[in-house]
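Read the structure below first, then the notes.
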Amino acid sequence: MKRRDFLKAAGLTAASVAAAPLRAQAAEDKPAVRSYRPIGRTGLKMSDISFGAGKLLASSMVLRAIDSGINYFDTAPDYGQSEKTIGEAMARISRDKIIITSKFCTPMPYPGHLPLGTRKKDYIASVDGSLSRMKTDHLDFIFVHAIGEMDKSLEAEKKRLLDEEMLAAVADLKKAGKVRFLGTSSHGPNNMEELLLTAVRSGHFDVIQPAFNFMKFPKLPGVLKEAHKQGVGVIAMKTLAGAMEMNMEAGEKDFSHAAFTWVLKHPEISGLIITMKTAADMELYLRASGAKFTSADQDVLKRYARLYGREYCRTGCGACEGACAAGVQIASVMRYRMYFRDYAMEKRAMESYALLKKNASACADCTSPACQGSCPYGLPVKDMLADAHDSMTFMV
Ligand code: SF4
Ligand code: SF4
């Protein structure tokens with residue numbers, strides 16, 4: 001394909017030739033982005049494999065990502081040094097060639113999602129903080145973050161999602177040129193699909209970001225179809241289903257390829273974000289860009305499901321929520337356990353666990369069988385909760 005034709009196919013203009021996405025084309029020998037997809041009705045196109053900046057510590061990773069063709073970066077005020085690190089790279093970036101998403105949050109500790117009751121000025125201050133840390137004058141997307149996490153009640157989270165103060169702030173921020181589009185993300189554990197559908201149908205949101213992978217999510221395809229119909233982009237996260245491939249033996253390194261191409265075979269998906277901690281992560285993950293999902297990939301996923309199906313807590317599921325009479329936040333404990341054990345995010349997991357209103361401190365000595373049979377996927381819930389408390393409790 002001629003370069004000009006490639007640019008056209010990628011939806012880029014000649015002026016964006018400098019867009020780092022395409023510089024990578026020249027480097028045949030190193031993995032690079034090979035596909036850009038539209039983000040709903042926004043007119044933007046994102047790299048199919050994009051940069052989750054949750055563990056970002058070095059600005060060189062941002063520059064390396066851009067050089068490899070990645071043009072979409074997902075960050076948040078409560079992702080440690082992430083925004084500040086992007087800011088350190090900003091002077092060496094053509095800002096209009098990349099897409100940046102941040103969230104309505106306070107800085108660390110995670111989770112810092114702004115709660116219902118936040119005033120318009122505080123939503124605006126959250127964005128101003130992000131802009132200042134990243135040394136930029138605008139965000140492409142601002143997200144209402146982790147909808148379904150702060151309250152079990154569907155109605156309460158719908159109010160946070162469609163909060164008048166937030167929408168008024170977004171209107172002002174758009175007018176001031178500080179924000180281009182509104183989005184929302186969800187990894188449950190409560191009402192993920194219903195809340196995302198509400199966002200899609202409200203007309204206020206240009207993109208949704210669900211947890212989505214090959215392990216489950218029976219109701220999500222309906223949400224994806226509706227989003228597609230309404231011109232709302234869909235960005236997938238939690239695509240590695242627990243990322244337990246870190247624990248798989250040598251020779252299983254194509255797991256991420258299989259998991260990513262499974263996600264990307266869905267035409268409604270605009271792209272996926274994945275945490276890239278090292279250059280080796282980036283090179284490995286980019287091998288899936290533009291690739292087809294094959295029967296060999298299917299075999300790898302089957303093997304993963306056989307190995308880990310009874311260990312992986314399906315992010316976004318929440319079927320066990322409410323099983324405990326004492327009110328333990330089972331699904332949230334499970335998610336932080338996953339961050340601790342499988343994502344190598346021990347510090348953040350422990351800090352977040354410490355903030356839970358009802359953690360798993362009582363589980364080791366509990367004699368109630370209530371939670372044990374509550375998981376439709378057969379996870380040994382009680383043992384995992386006791387292990388989670390053991391692992392993530394600060395010792396004094
Ligand atoms: S423990 Fe089981 S029921 Fe509970 S959220 Fe995880 S997968 Fe769903
Ligand atoms: S082990 Fe007991 S305290 Fe812990 S979640 Fe299960 S029922 Fe609740």
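In the structure tokens, chains take the letters A, B, ... in the order shown, each chain's residues start at 1, and ligands count up from 1 in the order shown.
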Task: Contact residues around A:Ile124 with only C-alpha atoms at 9 Å, ignoring same-chain residues under 4 positions, as number ranges by chain - done: A: 104, 119-120, 128-129, 166, 169-170, 172-173
Task: Environment of ligand 1 within 9 Å, counting only C-alpha atoms and all ligand atoms, reported as an MDAnalysis selection string - done: chainID A and resid 188:189 310:321 330:332 334:335 371 374:381 384
TODO: Please provide the set of residues having any atom within 9 Å of stretch 37-50 of chain A, restricted to only C-alpha atoms, with same-chain residues fewer than 2 positions apart removed, written as number ranges by chain.
DONE: A: 10-12, 21, 33-35, 52, 65, 69-74, 98-99, 181, 206-207, 227-228, 230-235, 260, 264, 268-275, 285-286, 288-290
Task: Protein and nucleic residues near ligand 2, 9 Å, only C-alpha atoms and all ligand atoms, as a PyMOL selection string - done: chain A and resi 323-330+359-372+381-383+385-386
Show which residues sit within 9 Å of A:Gly177, as an mmCIF file with N, CA and C atoms, in the first residue's frame. Count only C-alpha atoms, and ignore same-chain residues fewer than 2 positions away.
data_model
loop_
_atom_site.group_PDB
_atom_site.id
_atom_site.type_symbol
_atom_site.label_atom_id
_atom_site.label_comp_id
_atom_site.auth_asym_id
_atom_site.auth_seq_id
_atom_site.Cartn_x
_atom_site.Cartn_y
_atom_site.Cartn_z
ATOM 1 N N ASP A 137 -3.590 22.059 27.217
ATOM 2 C CA ASP A 137 -4.716 22.982 27.367
ATOM 3 C C ASP A 137 -6.076 22.308 27.192
ATOM 4 N N HIS A 138 -6.068 21.020 26.805
ATOM 5 C CA HIS A 138 -7.367 20.346 26.680
ATOM 6 C C HIS A 138 -7.250 18.838 26.847
ATOM 7 N N LEU A 139 -8.360 18.248 27.245
ATOM 8 C CA LEU A 139 -8.510 16.792 27.246
ATOM 9 C C LEU A 139 -9.406 16.446 26.072
ATOM 10 N N ASP A 172 -19.595 23.849 30.198
ATOM 11 C CA ASP A 172 -18.673 24.994 30.358
ATOM 12 C C ASP A 172 -17.270 24.637 29.872
ATOM 13 N N LEU A 173 -16.837 23.426 30.216
ATOM 14 C CA LEU A 173 -15.484 22.998 29.834
ATOM 15 C C LEU A 173 -15.362 22.887 28.320
ATOM 16 N N LYS A 174 -16.432 22.422 27.672
ATOM 17 C CA LYS A 174 -16.408 22.332 26.205
ATOM 18 C C LYS A 174 -16.342 23.741 25.602
ATOM 19 N N LYS A 175 -17.151 24.613 26.164
ATOM 20 C CA LYS A 175 -17.179 25.997 25.664
ATOM 21 C C LYS A 175 -15.802 26.658 25.782
ATOM 22 N N VAL A 179 -12.292 20.616 27.158
ATOM 23 C CA VAL A 179 -12.723 19.224 27.013
ATOM 24 C C VAL A 179 -13.451 19.101 25.691
ATOM 25 N N ARG A 180 -13.216 17.990 24.983
ATOM 26 C CA ARG A 180 -13.909 17.815 23.692
ATOM 27 C C ARG A 180 -15.118 16.889 23.813
#
Run DSSP on the backbone of this structure and report the residues of stretch 185-350 of chain A it assigns to strand (DSSP E or B), as a PDB file with N, CA and C atoms, in the first residue's frame.
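Done, and the output landed in states.pdb:
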ATOM      1  N   SER A 185     -16.782   5.018  32.181  1.00  0.00           N
ATOM      2  CA  SER A 185     -16.191   3.680  32.239  1.00  0.00           C
ATOM      3  C   SER A 185     -16.889   2.875  33.327  1.00  0.00           C
ATOM      4  N   SER A 186     -16.827   1.536  33.196  1.00  0.00           N
ATOM      5  CA  SER A 186     -17.376   0.692  34.263  1.00  0.00           C
ATOM      6  C   SER A 186     -16.692  -0.663  34.295  1.00  0.00           C
ATOM      7  N   VAL A 207     -18.545   8.138  24.303  1.00  0.00           N
ATOM      8  CA  VAL A 207     -17.813   6.875  24.391  1.00  0.00           C
ATOM      9  C   VAL A 207     -18.122   6.195  25.722  1.00  0.00           C
ATOM     10  N   ILE A 208     -18.144   4.862  25.683  1.00  0.00           N
ATOM     11  CA  ILE A 208     -18.227   4.081  26.925  1.00  0.00           C
ATOM     12  C   ILE A 208     -17.018   3.154  26.985  1.00  0.00           C
ATOM     13  N   GLN A 209     -16.634   2.808  28.214  1.00  0.00           N
ATOM     14  CA  GLN A 209     -15.453   1.951  28.375  1.00  0.00           C
ATOM     15  C   GLN A 209     -15.775   0.834  29.368  1.00  0.00           C
ATOM     16  N   PRO A 210     -16.259  -0.298  28.872  1.00  0.00           N
ATOM     17  CA  PRO A 210     -16.574  -1.416  29.773  1.00  0.00           C
ATOM     18  C   PRO A 210     -15.396  -2.365  29.974  1.00  0.00           C
ATOM     19  N   ALA A 211     -15.440  -3.109  31.083  1.00  0.00           N
ATOM     20  CA  ALA A 211     -14.603  -4.300  31.194  1.00  0.00           C
ATOM     21  C   ALA A 211     -15.162  -5.303  30.201  1.00  0.00           C
ATOM     22  N   GLY A 233     -18.755   5.447  20.756  1.00  0.00           N
ATOM     23  CA  GLY A 233     -17.583   4.583  20.688  1.00  0.00           C
ATOM     24  C   GLY A 233     -17.519   3.634  21.882  1.00  0.00           C
ATOM     25  N   VAL A 234     -16.816   2.517  21.707  1.00  0.00           N
ATOM     26  CA  VAL A 234     -16.640   1.552  22.805  1.00  0.00           C
ATOM     27  C   VAL A 234     -15.158   1.209  22.916  1.00  0.00           C
ATOM     28  N   ILE A 235     -14.598   1.481  24.081  1.00  0.00           N
ATOM     29  CA  ILE A 235     -13.192   1.164  24.327  1.00  0.00           C
ATOM     30  C   ILE A 235     -13.154   0.083  25.407  1.00  0.00           C
ATOM     31  N   ALA A 236     -12.508  -1.031  25.096  1.00  0.00           N
ATOM     32  CA  ALA A 236     -12.507  -2.154  26.034  1.00  0.00           C
ATOM     33  C   ALA A 236     -11.346  -2.063  27.014  1.00  0.00           C
ATOM     34  N   MET A 237     -11.612  -2.468  28.251  1.00  0.00           N
ATOM     35  CA  MET A 237     -10.537  -2.588  29.258  1.00  0.00           C
ATOM     36  C   MET A 237     -10.683  -3.929  29.968  1.00  0.00           C
ATOM     37  N   GLY A 271     -11.335   0.246  20.125  1.00  0.00           N
ATOM     38  CA  GLY A 271      -9.961  -0.095  20.466  1.00  0.00           C
ATOM     39  C   GLY A 271      -9.940  -0.611  21.890  1.00  0.00           C
ATOM     40  N   LEU A 272      -8.775  -0.993  22.345  1.00  0.00           N
ATOM     41  CA  LEU A 272      -8.665  -1.439  23.734  1.00  0.00           C
ATOM     42  C   LEU A 272      -7.507  -0.715  24.389  1.00  0.00           C
ATOM     43  N   ILE A 273      -7.636  -0.576  25.712  1.00  0.00           N
ATOM     44  CA  ILE A 273      -6.496  -0.020  26.460  1.00  0.00           C
ATOM     45  C   ILE A 273      -5.909  -1.129  27.318  1.00  0.00           C
ATOM     46  N   ILE A 274      -4.596  -1.103  27.410  1.00  0.00           N
ATOM     47  CA  ILE A 274      -3.913  -2.121  28.196  1.00  0.00           C
ATOM     48  C   ILE A 274      -2.739  -1.456  28.919  1.00  0.00           C
ATOM     49  N   THR A 275      -2.583  -1.781  30.174  1.00  0.00           N
ATOM     50  CA  THR A 275      -1.477  -1.215  30.939  1.00  0.00           C
ATOM     51  C   THR A 275      -0.155  -1.720  30.384  1.00  0.00           C
TER      52      THR A 275
END
